[in-house]
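Have a look at data-v1.txt; it's compact mmCIF, N, CA and C atoms:
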```txt
# COMPACT_ATOMS: atom_id res chain seq x y z
N MET A 3 -12.45 108.62 -48.32
CA MET A 3 -13.65 108.69 -49.12
C MET A 3 -13.32 109.40 -50.42
N ARG A 4 -13.74 108.82 -51.51
CA ARG A 4 -13.37 109.37 -52.80
C ARG A 4 -14.27 110.52 -53.25
N SER A 5 -15.58 110.42 -53.01
CA SER A 5 -16.46 111.48 -53.49
C SER A 5 -17.80 111.47 -52.77
N ILE A 6 -18.48 112.61 -52.87
CA ILE A 6 -19.79 112.78 -52.25
C ILE A 6 -20.74 113.31 -53.30
N ILE A 7 -21.94 112.75 -53.34
CA ILE A 7 -23.02 113.24 -54.19
C ILE A 7 -24.11 113.76 -53.26
N ILE A 8 -24.60 114.96 -53.53
CA ILE A 8 -25.65 115.57 -52.72
C ILE A 8 -26.91 115.64 -53.57
N ALA A 9 -28.00 115.08 -53.05
CA ALA A 9 -29.25 115.03 -53.83
C ALA A 9 -30.45 115.33 -52.95
N PHE A 10 -31.14 116.41 -53.24
CA PHE A 10 -32.38 116.80 -52.58
C PHE A 10 -33.26 117.48 -53.62
N PRO A 11 -34.58 117.39 -53.47
CA PRO A 11 -35.47 118.03 -54.44
C PRO A 11 -35.34 119.57 -54.46
N ASP A 12 -34.97 120.16 -53.33
CA ASP A 12 -34.84 121.61 -53.23
C ASP A 12 -33.39 122.03 -53.52
N ALA A 13 -33.19 122.79 -54.58
CA ALA A 13 -31.84 123.19 -54.99
C ALA A 13 -31.16 124.05 -53.93
N ALA A 14 -31.91 124.82 -53.16
CA ALA A 14 -31.32 125.65 -52.10
C ALA A 14 -30.70 124.79 -51.01
N ILE A 15 -31.35 123.69 -50.67
CA ILE A 15 -30.80 122.76 -49.66
C ILE A 15 -29.53 122.12 -50.20
N VAL A 16 -29.55 121.71 -51.45
CA VAL A 16 -28.36 121.12 -52.07
C VAL A 16 -27.20 122.09 -51.98
N GLN A 17 -27.43 123.34 -52.31
CA GLN A 17 -26.36 124.34 -52.31
C GLN A 17 -25.83 124.58 -50.90
N LYS A 18 -26.71 124.65 -49.91
CA LYS A 18 -26.28 124.87 -48.52
C LYS A 18 -25.40 123.73 -48.03
N ILE A 19 -25.83 122.50 -48.30
CA ILE A 19 -25.04 121.34 -47.88
C ILE A 19 -23.71 121.31 -48.62
N LYS A 20 -23.74 121.61 -49.90
CA LYS A 20 -22.50 121.63 -50.68
C LYS A 20 -21.53 122.67 -50.12
N ASP A 21 -22.02 123.85 -49.79
CA ASP A 21 -21.15 124.89 -49.24
C ASP A 21 -20.52 124.46 -47.92
N ILE A 22 -21.31 123.82 -47.05
CA ILE A 22 -20.79 123.34 -45.77
C ILE A 22 -19.72 122.28 -45.99
N MET A 23 -20.02 121.31 -46.85
CA MET A 23 -19.08 120.23 -47.09
C MET A 23 -17.78 120.75 -47.72
N MET A 24 -17.89 121.64 -48.67
CA MET A 24 -16.70 122.17 -49.33
C MET A 24 -15.87 123.04 -48.39
N SER A 25 -16.51 123.72 -47.43
CA SER A 25 -15.77 124.53 -46.47
C SER A 25 -14.91 123.66 -45.55
N HIS A 26 -15.24 122.37 -45.46
CA HIS A 26 -14.46 121.43 -44.67
C HIS A 26 -13.63 120.50 -45.56
N ASN A 27 -13.45 120.90 -46.81
CA ASN A 27 -12.59 120.20 -47.78
C ASN A 27 -13.03 118.78 -48.12
N PHE A 28 -14.34 118.52 -48.12
CA PHE A 28 -14.85 117.23 -48.58
C PHE A 28 -14.98 117.28 -50.11
N PRO A 29 -14.61 116.21 -50.79
CA PRO A 29 -14.69 116.21 -52.26
C PRO A 29 -16.13 115.98 -52.75
N ILE A 30 -16.71 116.98 -53.38
CA ILE A 30 -18.07 116.88 -53.91
C ILE A 30 -17.98 116.46 -55.37
N ARG A 31 -18.54 115.29 -55.67
CA ARG A 31 -18.52 114.80 -57.05
C ARG A 31 -19.62 115.44 -57.88
N GLY A 32 -20.80 115.64 -57.27
CA GLY A 32 -21.89 116.22 -58.02
C GLY A 32 -23.08 116.53 -57.14
N GLN A 33 -24.05 117.16 -57.74
CA GLN A 33 -25.27 117.51 -57.04
C GLN A 33 -26.46 117.24 -57.95
N ALA A 34 -27.59 116.91 -57.32
CA ALA A 34 -28.77 116.55 -58.10
C ALA A 34 -30.04 117.03 -57.39
N THR A 35 -31.07 117.32 -58.19
CA THR A 35 -32.36 117.71 -57.63
C THR A 35 -33.45 116.67 -57.90
N ASN A 36 -33.06 115.56 -58.54
CA ASN A 36 -34.00 114.45 -58.68
C ASN A 36 -33.22 113.14 -58.66
N ALA A 37 -33.91 112.05 -58.49
CA ALA A 37 -33.27 110.75 -58.32
C ALA A 37 -32.54 110.29 -59.58
N SER A 38 -33.10 110.55 -60.74
CA SER A 38 -32.45 110.10 -61.97
C SER A 38 -31.11 110.81 -62.18
N MET A 39 -31.02 112.09 -61.82
CA MET A 39 -29.75 112.80 -61.90
C MET A 39 -28.73 112.19 -60.95
N ALA A 40 -29.17 111.86 -59.73
CA ALA A 40 -28.27 111.26 -58.74
C ALA A 40 -27.77 109.90 -59.21
N LEU A 41 -28.64 109.10 -59.79
CA LEU A 41 -28.23 107.78 -60.28
C LEU A 41 -27.24 107.88 -61.43
N ARG A 42 -27.38 108.92 -62.27
CA ARG A 42 -26.43 109.10 -63.38
C ARG A 42 -25.03 109.48 -62.87
N LEU A 43 -24.97 110.11 -61.71
CA LEU A 43 -23.67 110.51 -61.15
C LEU A 43 -22.91 109.34 -60.54
N ILE A 44 -23.60 108.25 -60.24
CA ILE A 44 -22.96 107.09 -59.62
C ILE A 44 -22.16 106.34 -60.68
N SER A 45 -20.93 106.00 -60.31
CA SER A 45 -20.07 105.25 -61.22
C SER A 45 -19.49 104.05 -60.50
N PRO A 46 -19.64 102.85 -61.06
CA PRO A 46 -19.08 101.67 -60.39
C PRO A 46 -17.55 101.69 -60.36
N ASP A 47 -16.93 102.49 -61.20
CA ASP A 47 -15.47 102.57 -61.25
C ASP A 47 -14.90 103.63 -60.31
N ASP A 48 -15.77 104.31 -59.56
CA ASP A 48 -15.36 105.42 -58.71
C ASP A 48 -14.55 104.97 -57.50
N GLY A 49 -14.76 103.77 -57.02
CA GLY A 49 -14.03 103.30 -55.86
C GLY A 49 -14.72 103.57 -54.55
N GLY A 50 -15.96 103.99 -54.60
CA GLY A 50 -16.72 104.21 -53.37
C GLY A 50 -16.98 105.68 -53.11
N GLY A 51 -17.92 105.92 -52.24
CA GLY A 51 -18.28 107.29 -51.92
C GLY A 51 -19.53 107.31 -51.07
N LEU A 52 -20.18 108.45 -51.04
CA LEU A 52 -21.32 108.69 -50.18
C LEU A 52 -22.36 109.50 -50.94
N ILE A 53 -23.63 109.13 -50.76
CA ILE A 53 -24.73 109.93 -51.30
C ILE A 53 -25.50 110.49 -50.11
N ILE A 54 -25.59 111.81 -50.04
CA ILE A 54 -26.40 112.48 -49.02
C ILE A 54 -27.68 112.89 -49.74
N CYS A 55 -28.82 112.33 -49.31
CA CYS A 55 -30.04 112.59 -50.07
C CYS A 55 -31.27 112.56 -49.18
N GLY A 56 -32.35 113.08 -49.75
CA GLY A 56 -33.65 113.02 -49.13
C GLY A 56 -34.32 111.69 -49.44
N ALA A 57 -35.45 111.44 -48.80
CA ALA A 57 -36.15 110.18 -48.98
C ALA A 57 -37.12 110.20 -50.15
N ARG A 58 -37.57 111.37 -50.57
CA ARG A 58 -38.56 111.47 -51.66
C ARG A 58 -38.13 112.50 -52.70
N PHE A 59 -38.28 112.09 -53.93
CA PHE A 59 -38.00 112.96 -55.06
C PHE A 59 -39.22 112.95 -55.99
N PRO A 60 -39.32 113.91 -56.89
CA PRO A 60 -40.46 113.92 -57.82
C PRO A 60 -40.54 112.65 -58.68
N ASP A 61 -39.39 112.03 -58.98
CA ASP A 61 -39.37 110.90 -59.88
C ASP A 61 -39.10 109.56 -59.20
N MET A 62 -38.87 109.53 -57.89
CA MET A 62 -38.58 108.26 -57.21
C MET A 62 -38.64 108.49 -55.70
N ALA A 63 -38.93 107.44 -54.97
CA ALA A 63 -38.95 107.52 -53.51
C ALA A 63 -38.18 106.35 -52.91
N ALA A 64 -37.71 106.53 -51.70
CA ALA A 64 -37.04 105.43 -51.00
C ALA A 64 -38.06 104.34 -50.68
N ILE A 65 -37.56 103.12 -50.50
CA ILE A 65 -38.44 102.01 -50.13
C ILE A 65 -38.93 102.22 -48.71
N HIS A 66 -40.20 101.98 -48.49
CA HIS A 66 -40.79 102.17 -47.16
C HIS A 66 -40.32 101.08 -46.22
```
Show me this structure written as C-alpha cells.
Amino acid sequence: MRSIIIAFPDAAIVQKIKDIMMSHNFPIRGQATNASMALRLISPDDGGGLIICGARFPDMAAIH
C-alpha cells in the first residue's frame, strides 16, 4: 500500500488514528477534517492507497 489518507470531521479522532497507524509504520499521506480537503489529497498518479473516513462531513456526505 502506497499511502493512507485519514479524514474525519473531528480533528482529535484524526490525530488518534494517525498516531496508531504511524506507530505501526503505515505511510500516512495526509489528514483532513472535511471532504473537500480529503478529495484534494487524492492523486490519480499515486498508485493506489486507502482512505479511512467517516460517513458525514460538514461539506459532503456518503451516498445512502
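For the pair atom N of Ala13 in chain A and CA of Asn27 in chain A, the separation is 21.8 Å.
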Cys55 in chain A environment, 6.5 Å, all atoms listed in the file, sequence neighbours closer than 6 positions dropped, as a PyMOL selection string: chain A and resi 7-10
DSSP strand (DSSP E or B) residues within chain A, listed as a count of residues only: 17
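Proximity to Ile6 in chain A at 7 Å, evaluated using all atoms listed in the file and with sequence-adjacent residues fewer than 3 positions away removed, yields Met3, Phe28, Pro29, Ile30, Arg31, Gly32, Gln33, Gly51, Leu52, Ile53 and Ile54 of chain A.
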DSSP-assigned alpha helix (DSSP H) among range 7-43 of chain A, expressed as a PyMOL selection string: chain A and resi 13-25+37-43
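Minimum atom-to-atom distance to Arg58 in chain A, evaluated using only N, CA and C atoms, belongs to A:Ala37 out of A:Leu43, A:Met24, A:Ala37, A:Ile19.
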